[in-house]
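Q: The file below is data.pdb, PDB, C-alpha atoms, pLDDT in the B column:
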ATOM      1  CA  MET C 295      17.650  -5.324 -34.380  1.00 74.00           C
ATOM      2  CA  ASP C 296      19.066  -1.994 -33.250  1.00 79.00           C
ATOM      3  CA  LYS C 297      21.075  -2.761 -30.130  1.00 83.00           C
ATOM      4  CA  THR C 298      21.163   0.915 -29.163  1.00 82.00           C
ATOM      5  CA  GLN C 299      17.387   0.845 -28.569  1.00 89.00           C
ATOM      6  CA  LEU C 300      17.610  -1.822 -25.867  1.00 94.00           C
ATOM      7  CA  LYS C 301      16.971  -0.845 -22.263  1.00 94.00           C
ATOM      8  CA  ARG C 302      17.364  -2.463 -18.855  1.00 93.00           C
ATOM      9  CA  HIS C 303      14.883  -5.238 -18.175  1.00 96.00           C
ATOM     10  CA  ASP C 304      14.065  -5.818 -21.864  1.00 97.00           C
ATOM     11  CA  LEU C 305      13.446  -9.458 -22.752  1.00 98.00           C
ATOM     12  CA  VAL C 306      15.463 -10.738 -25.705  1.00 98.00           C
ATOM     13  CA  TYR C 307      14.563 -14.059 -27.307  1.00 98.00           C
ATOM     14  CA  PRO C 308      17.366 -16.005 -29.006  1.00 97.00           C
ATOM     15  CA  GLY C 309      16.808 -17.896 -32.238  1.00 96.00           C
ATOM     16  CA  SER C 310      17.743 -21.561 -32.600  1.00 96.00           C
ATOM     17  CA  ALA C 311      21.350 -20.796 -33.578  1.00 96.00           C
ATOM     18  CA  GLY C 312      21.847 -18.611 -30.512  1.00 97.00           C
ATOM     19  CA  ARG C 313      20.332 -21.165 -28.157  1.00 97.00           C
ATOM     20  CA  LYS C 314      22.505 -23.931 -29.593  1.00 97.00           C
ATOM     21  CA  ARG C 315      25.693 -21.869 -29.245  1.00 97.00           C
ATOM     22  CA  LEU C 316      24.920 -20.833 -25.656  1.00 97.00           C
ATOM     23  CA  GLN C 317      23.919 -24.375 -24.721  1.00 97.00           C
ATOM     24  CA  GLN C 318      27.308 -25.659 -25.859  1.00 97.00           C
ATOM     25  CA  ILE C 319      29.088 -22.976 -23.833  1.00 97.00           C
ATOM     26  CA  PHE C 320      27.271 -23.721 -20.575  1.00 97.00           C
ATOM     27  CA  LEU C 321      27.353 -27.503 -20.968  1.00 95.00           C
ATOM     28  CA  HIS C 322      31.115 -27.141 -21.144  1.00 96.00           C
ATOM     29  CA  GLU C 323      31.227 -24.896 -18.043  1.00 95.00           C
ATOM     30  CA  LEU C 324      28.623 -26.550 -15.779  1.00 95.00           C
ATOM     31  CA  THR C 325      28.024 -30.010 -14.339  1.00 95.00           C
ATOM     32  CA  GLY C 326      25.256 -31.940 -12.603  1.00 95.00           C
ATOM     33  CA  GLU C 327      21.862 -30.325 -12.055  1.00 96.00           C
ATOM     34  CA  LYS C 328      23.111 -26.918 -13.191  1.00 96.00           C
ATOM     35  CA  ALA C 329      24.140 -28.369 -16.548  1.00 97.00           C
ATOM     36  CA  PHE C 330      20.750 -30.078 -16.864  1.00 96.00           C
ATOM     37  CA  LEU C 331      18.864 -26.824 -16.203  1.00 97.00           C
ATOM     38  CA  ALA C 332      21.141 -24.869 -18.548  1.00 97.00           C
ATOM     39  CA  ALA C 333      20.474 -27.407 -21.289  1.00 97.00           C
ATOM     40  CA  ASP C 334      16.746 -26.907 -20.705  1.00 97.00           C
ATOM     41  CA  ILE C 335      17.025 -23.096 -20.917  1.00 97.00           C
ATOM     42  CA  PHE C 336      18.745 -23.322 -24.292  1.00 97.00           C
ATOM     43  CA  CYS C 337      16.959 -26.319 -25.837  1.00 96.00           C
ATOM     44  CA  ALA C 338      15.539 -25.779 -29.311  1.00 92.00           C
ATOM     45  CA  ASP C 339      11.923 -25.334 -28.194  1.00 94.00           C
ATOM     46  CA  SER C 340      12.673 -23.194 -25.126  1.00 95.00           C
ATOM     47  CA  VAL C 341      10.590 -20.046 -24.622  1.00 96.00           C
ATOM     48  CA  ILE C 342      12.834 -18.544 -21.926  1.00 98.00           C
ATOM     49  CA  PRO C 343      14.201 -15.109 -22.913  1.00 98.00           C
ATOM     50  CA  GLY C 344      17.349 -13.384 -21.778  1.00 98.00           C
ATOM     51  CA  ILE C 345      17.015 -10.217 -19.696  1.00 98.00           C
ATOM     52  CA  VAL C 346      19.162  -7.306 -20.878  1.00 97.00           C
ATOM     53  CA  ARG C 347      21.789  -6.473 -18.266  1.00 95.00           C
ATOM     54  CA  ARG C 348      24.618  -4.012 -17.760  1.00 93.00           C
ATOM     55  CA  ALA C 349      28.113  -5.255 -18.589  1.00 87.00           C
ATOM     56  CA  GLU C 350      31.496  -3.699 -19.323  1.00 82.00           C
ATOM     57  CA  ASP C 351      33.705  -4.265 -22.350  1.00 84.00           C
ATOM     58  CA  VAL C 352      31.050  -5.903 -24.516  1.00 88.00           C
ATOM     59  CA  ALA C 353      31.697  -6.118 -28.253  1.00 90.00           C
ATOM     60  CA  ALA C 354      29.430  -4.053 -30.481  1.00 89.00           C
ATOM     61  CA  GLU C 355      27.829  -7.158 -31.999  1.00 93.00           C
ATOM     62  CA  MET C 356      26.996  -8.709 -28.612  1.00 96.00           C
ATOM     63  CA  ILE C 357      24.069  -8.171 -26.206  1.00 96.00           C
ATOM     64  CA  PRO C 358      24.718  -8.863 -22.497  1.00 96.00           C
ATOM     65  CA  VAL C 359      21.784 -10.832 -21.102  1.00 97.00           C
ATOM     66  CA  GLY C 360      20.923 -12.984 -18.110  1.00 97.00           C
ATOM     67  CA  PHE C 361      18.913 -16.211 -18.186  1.00 98.00           C
ATOM     68  CA  VAL C 362      16.957 -17.784 -15.322  1.00 97.00           C
ATOM     69  CA  HIS C 363      15.380 -21.222 -15.019  1.00 97.00           C
ATOM     70  CA  PRO C 364      11.988 -21.533 -13.252  1.00 96.00           C
ATOM     71  CA  GLN C 365      13.146 -24.560 -11.270  1.00 95.00           C
ATOM     72  CA  LEU C 366      15.138 -23.931  -8.097  1.00 92.00           C
ATOM     73  CA  CYS C 367      18.596 -25.439  -7.845  1.00 91.00           C
ATOM     74  CA  GLY C 368      19.751 -25.998  -4.282  1.00 88.00           C
ATOM     75  CA  GLY C 369      16.995 -23.680  -3.098  1.00 88.00           C
ATOM     76  CA  ARG C 370      18.091 -20.864  -5.415  1.00 91.00           C
ATOM     77  CA  ARG C 371      17.498 -19.748  -8.983  1.00 92.00           C
ATOM     78  CA  LEU C 372      20.087 -20.738 -11.538  1.00 95.00           C
ATOM     79  CA  ARG C 373      21.186 -17.450 -13.088  1.00 96.00           C
ATOM     80  CA  LEU C 374      23.386 -17.477 -16.166  1.00 97.00           C
ATOM     81  CA  ALA C 375      25.154 -14.371 -17.473  1.00 96.00           C
ATOM     82  CA  ALA C 376      25.644 -14.615 -21.211  1.00 97.00           C
ATOM     83  CA  GLU C 377      26.310 -12.624 -24.343  1.00 96.00           C
ATOM     84  CA  LEU C 378      23.995 -13.042 -27.294  1.00 97.00           C
ATOM     85  CA  LYS C 379      24.953 -11.988 -30.797  1.00 97.00           C
ATOM     86  CA  VAL C 380      22.708  -9.264 -32.193  1.00 96.00           C
ATOM     87  CA  SER C 381      22.149 -11.476 -35.235  1.00 96.00           C
ATOM     88  CA  GLU C 382      20.938 -14.307 -32.966  1.00 97.00           C
ATOM     89  CA  ALA C 383      18.111 -12.277 -31.395  1.00 96.00           C
ATOM     90  CA  VAL C 384      14.720 -12.825 -33.004  1.00 96.00           C
ATOM     91  CA  GLN C 385      12.397 -10.862 -30.697  1.00 96.00           C
ATOM     92  CA  VAL C 386      12.501  -8.116 -28.077  1.00 97.00           C
ATOM     93  CA  GLN C 387       9.772  -7.553 -25.515  1.00 97.00           C
ATOM     94  CA  ARG C 388       9.582  -4.570 -23.192  1.00 97.00           C
ATOM     95  CA  PRO C 389       8.238  -5.058 -19.651  1.00 98.00           C
ATOM     96  CA  TYR C 390       5.398  -2.657 -20.474  1.00 98.00           C
ATOM     97  CA  GLU C 391       4.030  -5.121 -23.029  1.00 97.00           C
ATOM     98  CA  LEU C 392       3.549  -7.775 -20.343  1.00 97.00           C
ATOM     99  CA  ALA C 393       0.964  -5.715 -18.447  1.00 96.00           C
ATOM    100  CA  ALA C 394      -1.394  -6.108 -21.424  1.00 94.00           C
ATOM    101  CA  VAL C 395      -1.012  -9.908 -21.615  1.00 95.00           C
ATOM    102  CA  SER C 396      -3.759 -12.122 -20.178  1.00 95.00           C
ATOM    103  CA  PHE C 397      -2.487 -14.521 -17.524  1.00 96.00           C
ATOM    104  CA  THR C 398      -3.753 -16.828 -14.803  1.00 94.00           C
ATOM    105  CA  ALA C 399      -3.276 -15.680 -11.213  1.00 96.00           C
ATOM    106  CA  ALA C 400      -1.765 -18.983 -10.096  1.00 95.00           C
ATOM    107  CA  THR C 401       0.032 -17.466  -7.081  1.00 98.00           C
ATOM    108  CA  ASP C 402      -0.500 -14.535  -4.711  1.00 98.00           C
ATOM    109  CA  CYS C 403       2.241 -12.691  -6.587  1.00 98.00           C
ATOM    110  CA  LEU C 404       0.369 -13.006  -9.880  1.00 98.00           C
ATOM    111  CA  ALA C 405      -2.958 -12.177  -8.227  1.00 98.00           C
ATOM    112  CA  ALA C 406      -1.386  -8.963  -6.965  1.00 98.00           C
ATOM    113  CA  ALA C 407       0.052  -8.310 -10.432  1.00 98.00           C
ATOM    114  CA  GLN C 408      -3.388  -8.771 -11.986  1.00 98.00           C
ATOM    115  CA  THR C 409      -4.923  -6.286  -9.567  1.00 98.00           C
ATOM    116  CA  VAL C 410      -2.152  -3.760 -10.227  1.00 98.00           C
ATOM    117  CA  CYS C 411      -2.576  -4.174 -14.000  1.00 98.00           C
ATOM    118  CA  ASP C 412      -6.310  -3.488 -13.727  1.00 97.00           C
ATOM    119  CA  TYR C 413      -5.685  -0.406 -11.595  1.00 98.00           C
ATOM    120  CA  ALA C 414      -2.954   0.901 -13.931  1.00 98.00           C
ATOM    121  CA  ALA C 415      -5.134   0.401 -16.995  1.00 97.00           C
ATOM    122  CA  GLY C 416      -7.963   2.343 -15.362  1.00 97.00           C
ATOM    123  CA  GLN C 417      -5.616   5.183 -14.416  1.00 96.00           C
ATOM    124  CA  GLN C 418      -3.812   5.167 -17.782  1.00 96.00           C
ATOM    125  CA  ILE C 419      -0.511   4.368 -16.088  1.00 97.00           C
ATOM    126  CA  ARG C 420       2.232   2.861 -18.215  1.00 97.00           C
ATOM    127  CA  LEU C 421       3.114  -0.190 -16.156  1.00 98.00           C
ATOM    128  CA  GLY C 422       5.805  -2.800 -16.703  1.00 98.00           C
ATOM    129  CA  ILE C 423       6.181  -6.170 -14.979  1.00 98.00           C
ATOM    130  CA  LEU C 424       9.634  -7.419 -14.025  1.00 98.00           C
ATOM    131  CA  GLY C 425      11.229 -10.362 -12.242  1.00 97.00           C
ATOM    132  CA  SER C 426       9.646 -13.755 -11.746  1.00 97.00           C
ATOM    133  CA  ALA C 427       6.139 -12.434 -12.438  1.00 98.00           C
ATOM    134  CA  GLY C 428       7.254 -10.923 -15.727  1.00 98.00           C
ATOM    135  CA  LEU C 429       8.981 -14.132 -16.787  1.00 98.00           C
ATOM    136  CA  GLU C 430       5.945 -16.237 -15.910  1.00 98.00           C
ATOM    137  CA  ILE C 431       3.634 -13.961 -17.868  1.00 98.00           C
ATOM    138  CA  ALA C 432       6.023 -13.949 -20.827  1.00 97.00           C
ATOM    139  CA  THR C 433       6.616 -17.701 -20.922  1.00 97.00           C
ATOM    140  CA  GLY C 434       3.751 -19.414 -19.114  1.00 96.00           C
ATOM    141  CA  LEU C 435       6.309 -21.273 -17.009  1.00 97.00           C
ATOM    142  CA  PRO C 436       6.015 -21.429 -13.176  1.00 97.00           C
ATOM    143  CA  PHE C 437       8.559 -18.781 -12.169  1.00 97.00           C
ATOM    144  CA  THR C 438       6.553 -17.486  -9.202  1.00 97.00           C
ATOM    145  CA  ASN C 439       5.840 -19.290  -5.938  1.00 95.00           C
ATOM    146  CA  SER C 440       4.407 -18.548  -2.492  1.00 94.00           C
ATOM    147  CA  ASP C 441       7.514 -16.547  -1.551  1.00 93.00           C
ATOM    148  CA  SER C 442       7.707 -14.390  -4.686  1.00 96.00           C
ATOM    149  CA  ASP C 443       7.861 -10.606  -4.514  1.00 97.00           C
ATOM    150  CA  LEU C 444       6.339  -8.468  -7.247  1.00 98.00           C
ATOM    151  CA  ASP C 445       8.736  -6.189  -9.133  1.00 98.00           C
ATOM    152  CA  LEU C 446       7.217  -3.450 -11.263  1.00 98.00           C
ATOM    153  CA  LEU C 447       8.310  -0.654 -13.593  1.00 98.00           C
ATOM    154  CA  VAL C 448       6.580   2.621 -14.314  1.00 98.00           C
ATOM    155  CA  THR C 449       7.270   5.683 -16.418  1.00 97.00           C
ATOM    156  CA  GLY C 450       5.663   8.985 -17.365  1.00 94.00           C
ATOM    157  CA  LEU C 451       4.191   9.956 -13.980  1.00 95.00           C
ATOM    158  CA  SER C 452       4.562  13.188 -12.048  1.00 93.00           C
ATOM    159  CA  LEU C 453       5.744  13.015  -8.454  1.00 93.00           C
ATOM    160  CA  GLU C 454       2.178  13.490  -7.197  1.00 94.00           C
ATOM    161  CA  ARG C 455       0.827  10.638  -9.316  1.00 95.00           C
ATOM    162  CA  LEU C 456       3.781   8.473  -8.329  1.00 96.00           C
ATOM    163  CA  GLN C 457       2.917   9.018  -4.671  1.00 96.00           C
ATOM    164  CA  GLU C 458      -0.694   8.043  -5.302  1.00 97.00           C
ATOM    165  CA  PHE C 459       0.322   4.955  -7.277  1.00 98.00           C
ATOM    166  CA  TYR C 460       2.909   3.941  -4.710  1.00 97.00           C
ATOM    167  CA  ALA C 461       0.332   4.173  -1.921  1.00 97.00           C
ATOM    168  CA  GLU C 462      -2.082   2.020  -3.938  1.00 98.00           C
ATOM    169  CA  LEU C 463       0.650  -0.574  -4.468  1.00 98.00           C
ATOM    170  CA  GLN C 464       1.289  -0.771  -0.741  1.00 98.00           C
ATOM    171  CA  ALA C 465      -2.417  -1.414  -0.153  1.00 98.00           C
ATOM    172  CA  ILE C 466      -2.478  -4.135  -2.815  1.00 98.00           C
ATOM    173  CA  GLY C 467       0.660  -5.676  -1.330  1.00 98.00           C
ATOM    174  CA  ARG C 468      -0.959  -5.848   2.104  1.00 98.00           C
ATOM    175  CA  LYS C 469      -4.109  -7.399   0.645  1.00 98.00           C
ATOM    176  CA  PHE C 470      -2.208 -10.249  -1.024  1.00 98.00           C
ATOM    177  CA  GLN C 471       0.643 -10.343   1.513  1.00 98.00           C
ATOM    178  CA  VAL C 472       3.162  -9.741  -1.269  1.00 98.00           C
ATOM    179  CA  ASP C 473       6.092  -7.335  -1.138  1.00 98.00           C
ATOM    180  CA  ILE C 474       5.869  -4.961  -4.104  1.00 98.00           C
ATOM    181  CA  ASP C 475       8.893  -3.052  -5.371  1.00 98.00           C
ATOM    182  CA  LEU C 476       8.432  -0.252  -7.888  1.00 98.00           C
ATOM    183  CA  GLU C 477      11.129   1.161 -10.146  1.00 98.00           C
ATOM    184  CA  THR C 478      10.669   4.393 -12.071  1.00 97.00           C
ATOM    185  CA  GLU C 479      12.239   4.551 -15.523  1.00 97.00           C
ATOM    186  CA  LEU C 480      13.425   8.057 -16.388  1.00 95.00           C
ATOM    187  CA  ALA C 481      13.744   9.599 -19.836  1.00 91.00           C
ATOM    188  CA  ASN C 482      17.523   9.860 -19.396  1.00 91.00           C
ATOM    189  CA  GLY C 483      17.828   6.062 -19.346  1.00 91.00           C
ATOM    190  CA  TYR C 484      18.240   5.621 -15.603  1.00 96.00           C
ATOM    191  CA  GLY C 485      15.987   3.594 -13.361  1.00 97.00           C
ATOM    192  CA  ILE C 486      15.481   4.489  -9.714  1.00 97.00           C
ATOM    193  CA  LYS C 487      13.721   2.808  -6.806  1.00 97.00           C
ATOM    194  CA  THR C 488      10.541   4.831  -6.390  1.00 97.00           C
ATOM    195  CA  ALA C 489      10.637   4.448  -2.606  1.00 96.00           C
ATOM    196  CA  GLU C 490      13.889   6.438  -2.511  1.00 95.00           C
ATOM    197  CA  LEU C 491      12.059   9.501  -3.852  1.00 94.00           C
ATOM    198  CA  PHE C 492       9.992   9.651  -0.682  1.00 93.00           C
ATOM    199  CA  GLN C 493      12.899   9.302   1.730  1.00 93.00           C
ATOM    200  CA  PRO C 494      14.495  12.371   3.423  1.00 92.00           C
ATOM    201  CA  THR C 495      17.639  12.315   1.281  1.00 94.00           C
ATOM    202  CA  GLN C 496      19.120  14.621  -1.338  1.00 96.00           C
ATOM    203  CA  THR C 497      20.100  11.877  -3.774  1.00 97.00           C
ATOM    204  CA  VAL C 498      18.855   8.613  -5.285  1.00 97.00           C
ATOM    205  CA  LEU C 499      20.698   5.715  -6.909  1.00 97.00           C
ATOM    206  CA  GLY C 500      20.255   5.561 -10.680  1.00 97.00           C
ATOM    207  CA  LYS C 501      21.011   2.495 -12.798  1.00 96.00           C
ATOM    208  CA  SER C 502      21.367   2.406 -16.572  1.00 94.00           C
ATOM    209  CA  LEU C 503      22.861  -0.008 -19.084  1.00 93.00           C
ATOM    210  CA  GLN C 504      26.028   2.091 -19.062  1.00 90.00           C
ATOM    211  CA  ASP C 505      26.666   2.730 -15.377  1.00 93.00           C
ATOM    212  CA  VAL C 506      25.350   3.311 -11.867  1.00 95.00           C
ATOM    213  CA  GLN C 507      25.272   6.888 -10.608  1.00 96.00           C
ATOM    214  CA  ILE C 508      24.186   8.921  -7.614  1.00 97.00           C
ATOM    215  CA  LEU C 509      21.583  11.343  -8.968  1.00 97.00           C
ATOM    216  CA  LYS C 510      20.507  14.563  -7.322  1.00 96.00           C
ATOM    217  CA  LYS C 511      16.889  14.294  -6.294  1.00 95.00           C
ATOM    218  CA  GLU C 512      16.155  17.793  -7.613  1.00 94.00           C
ATOM    219  CA  THR C 513      17.367  16.670 -11.054  1.00 94.00           C
ATOM    220  CA  VAL C 514      15.104  13.622 -10.931  1.00 95.00           C
ATOM    221  CA  LEU C 515      12.118  15.714  -9.892  1.00 93.00           C
ATOM    222  CA  GLU C 516      12.747  18.067 -12.798  1.00 93.00           C
ATOM    223  CA  ILE C 517      12.801  15.118 -15.202  1.00 93.00           C
ATOM    224  CA  LEU C 518       9.555  13.792 -13.733  1.00 92.00           C
ATOM    225  CA  SER C 519       7.856  17.162 -14.145  1.00 89.00           C
ATOM    226  CA  GLN C 520       8.849  17.223 -17.823  1.00 86.00           C
ATOM    227  CA  GLU C 521       7.680  13.649 -18.489  1.00 77.00           C
ATOM    228  CA  ALA C 522       4.247  13.912 -16.882  1.00 68.00           C
TER
END
Since I need it in another form, could you write the structure as structure tokens?
A:
Amino acid sequence: MDKTQLKRHDLVYPGSAGRKRLQQIFLHELTGEKAFLAADIFCADSVIPGIVRRAEDVAAEMIPVGFVHPQLCGGRRLRLAAELKVSEAVQVQRPYELAAVSFTAATDCLAAAQTVCDYAAGQQIRLGILGSAGLEIATGLPFTNSDSDLDLLVTGLSLERLQEFYAELQAIGRKFQVDIDLETELANGYGIKTAELFQPTQTVLGKSLQDVQILKKETVLEILSQEA
């Protein structure tokens, strides 16, 4: 695997050696229910991937990732920040791949996701699915519930098409009573909250695997015009 090709939100699946090593680390660090859930995340037949995250001072042979268990612990998700060796990764899945996967709309969040996927496919929009919905689609495990929001990713749209898509998402969100958050992935590697583009400000917050920066909105609009 070429680590330099990884982007924010990518799903990285550890092989058996990686899961065993990480399981030993977290069983040493955690106790009680947290240890039990960590053991489940990293068991040999687990299908839970790590989500690529930003981290500082990471060795060249390591990939910073975050793992989440579908079961709540004390009313909250158990989130584990880890570092996976490049050699331990056996598969990478981009969020855009998940929009093409068939899934059952078991919750309002997933029903909304299904509707958005159908709309995006019809409009030839490159759509990615993030968060609990993305993890449930990727694994088949019950990550979403009645309180789940829907987090999405999009790229390659002009500002005008983004406005149209964003308006459609708001309508879908109202229909299913699900909050929908859209992030736009730019060609320069930064992701921005799409809603910020439509606010009366001169800047937006951009996040990449390397850093977080305040980006001039005019620069972002120029990038969007080149991508569309």
Q: Go through C:Ala353, C:Gly450, C:Val359, C:Lys314 and flag the residue nearest Ala338 (chain C), using only C-alpha atoms for the distances.
A: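 Nearest to Ala338 (chain C): C:Lys314.
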Q: Given 4 Å on each side, where is the centre and what are the edge lengths in Å to one decimal of the axis-aligned box enclosing the listed atoms of region 344-361 of chain C, as JSON?
A:
{"center_x": 25.4, "center_y": -10.0, "center_z": -24.9, "size_x": 24.7, "size_y": 20.5, "size_z": 22.2}
Q: Counting only C-alpha atoms, what is within 10 Å of Ala383 (chain C), bar same-chain residues fewer than 6 positions away, as a PyMOL selection string?
A: chain C and resi 295+306-313+343-344+356-357
Q: Just say which residues the PyMOL selection byres ((chain C and resi 298-305) around 9) picks in this file, as a PDB file with C-alpha atoms, keeping the file's coordinate frame.
A:
ATOM      1  CA  MET C 295      17.650  -5.324 -34.380  1.00 74.00           C
ATOM      2  CA  ASP C 296      19.066  -1.994 -33.250  1.00 79.00           C
ATOM      3  CA  LYS C 297      21.075  -2.761 -30.130  1.00 83.00           C
ATOM      4  CA  VAL C 306      15.463 -10.738 -25.705  1.00 98.00           C
ATOM      5  CA  TYR C 307      14.563 -14.059 -27.307  1.00 98.00           C
ATOM      6  CA  PRO C 343      14.201 -15.109 -22.913  1.00 98.00           C
ATOM      7  CA  GLY C 344      17.349 -13.384 -21.778  1.00 98.00           C
ATOM      8  CA  ILE C 345      17.015 -10.217 -19.696  1.00 98.00           C
ATOM      9  CA  VAL C 346      19.162  -7.306 -20.878  1.00 97.00           C
ATOM     10  CA  ARG C 347      21.789  -6.473 -18.266  1.00 95.00           C
ATOM     11  CA  ARG C 348      24.618  -4.012 -17.760  1.00 93.00           C
ATOM     12  CA  VAL C 359      21.784 -10.832 -21.102  1.00 97.00           C
ATOM     13  CA  GLN C 385      12.397 -10.862 -30.697  1.00 96.00           C
ATOM     14  CA  VAL C 386      12.501  -8.116 -28.077  1.00 97.00           C
ATOM     15  CA  GLN C 387       9.772  -7.553 -25.515  1.00 97.00           C
ATOM     16  CA  ARG C 388       9.582  -4.570 -23.192  1.00 97.00           C
ATOM     17  CA  PRO C 389       8.238  -5.058 -19.651  1.00 98.00           C
ATOM     18  CA  LEU C 424       9.634  -7.419 -14.025  1.00 98.00           C
ATOM     19  CA  GLY C 425      11.229 -10.362 -12.242  1.00 97.00           C
ATOM     20  CA  LEU C 429       8.981 -14.132 -16.787  1.00 98.00           C
ATOM     21  CA  ALA C 432       6.023 -13.949 -20.827  1.00 97.00           C
ATOM     22  CA  GLY C 483      17.828   6.062 -19.346  1.00 91.00           C
ATOM     23  CA  TYR C 484      18.240   5.621 -15.603  1.00 96.00           C
ATOM     24  CA  GLY C 485      15.987   3.594 -13.361  1.00 97.00           C
ATOM     25  CA  LYS C 501      21.011   2.495 -12.798  1.00 96.00           C
ATOM     26  CA  SER C 502      21.367   2.406 -16.572  1.00 94.00           C
ATOM     27  CA  LEU C 503      22.861  -0.008 -19.084  1.00 93.00           C
TER      28      LEU C 503
END
Q: Tell me which of C:Leu435, C:Leu453, C:Leu491, C:Val506 sits closest to Ile335 (chain C), counting only C-alpha atoms.
A: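 The answer is C:Leu435, which sits nearest to Ile335 (chain C).
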Q: Suppose you want the space between CA of Glu512 (chain C) and CA of Ile474 (chain C); what is it in Å?
A: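 One can read the CA of Glu512 (chain C) to CA of Ile474 (chain C) distance as 25.2 Å.
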Q: Compile the contact shell of Gly434 (chain C) as a list in words: residues with an atom at most 12 Å away, counting all atoms listed in the file, same-chain residues fewer than 2 positions apart removed.
A: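 My reading of the contact set: Ser340, Val341, Ile342, Pro343, Pro364, Leu392, Val395, Ser396, Phe397, Thr398, Ala399, Ala400, Leu404, Ser426, Ala427, Gly428, Leu429, Glu430, Ile431, Ala432, Pro436, Phe437 and Thr438 of chain C.
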Q: When you draw a straight line from CA of Lys379 (chain C) to CA of Leu446 (chain C), how long is it in Å?
A: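 If I compute the distance from CA of Lys379 (chain C) to CA of Leu446 (chain C), I get 27.7 Å.
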Q: Taking the file as shown, find all residues satisfying the PyMOL selection byres ((chain C and resi 372) around 9) and write them as a list in words.
A: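 Selected by the PyMOL selection byres ((chain C and resi 372) around 9) here: Lys328, Leu331, Ala332, Phe361, Val362, His363, Pro364, Gln365, Leu366, Cys367, Gly368, Arg370, Arg371, Arg373 and Leu374 of chain C.
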Q: Within 9 Å of Ile508 (chain C), counting only C-alpha atoms, which residues show up once you throw out same-chain ones fewer than 5 positions away? Write them as a ChimeraX atom specification, please.
A: /C:497-501
Q: Between C:Glu516, C:Glu355, C:Gln408, C:Ala415, which has the minimum distance to Glu382 (chain C) (counting all atoms listed in the file)?
A: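 Among the listed residues, the smallest separation from Glu382 (chain C) belongs to C:Glu355.
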Q: Using CA of Val410 (chain C) and CA of Ile517 (chain C) as the two end points, give the distance in Å to one decimal.
A: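 Between these atoms lies a distance of 24.6 Å.
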Q: If you count all atoms listed in the file, which residues fall within 10 Å of Phe492 (chain C), apart from same-chain ones fewer than 3 positions away, as number ranges by chain?
A: C: 453, 456-457, 460, 487-489, 495
Q: May I ask which of the residues C:Leu476, C:Cys337, C:Gln496, C:Ala461 is the closest one to Gln317 (chain C), counting only C-alpha atoms?
A: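 So, comparing all the options, the nearest one is C:Cys337.
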Q: Neighbouring residues of Phe459 (chain C) were defined as those with any atom within 12 Å, considering only C-alpha atoms; residues of the same chain fewer than 5 positions away were excluded. Please report them as a list in words.
A: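 That gives Val410, Cys411, Tyr413, Ala414, Gly416, Gln417, Gln418, Ile419, Arg420, Leu421, Leu446, Leu447, Val448, Thr449, Leu451, Ser452, Leu453, Glu454, Gln464, Ala465, Ile466, Ile474, Asp475, Leu476, Glu477, Thr478, Thr488 and Ala489 of chain C.
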Q: With distances taken over only C-alpha atoms, which residue among C:Glu377, C:Glu462, C:Ile423, C:Gln504 lies nearest Leu444 (chain C)?
A: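 That would be C:Ile423, the residue with the smallest distance to Leu444 (chain C).
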Q: Please enumerate the residues selected by the PyMOL selection byres ((chain C and resi 472) around 10) when evaluated against the supplied file, formatted as an MDAnalysis selection string.
A: chainID C and resid 402:407 440:444 464 466:471 473:475
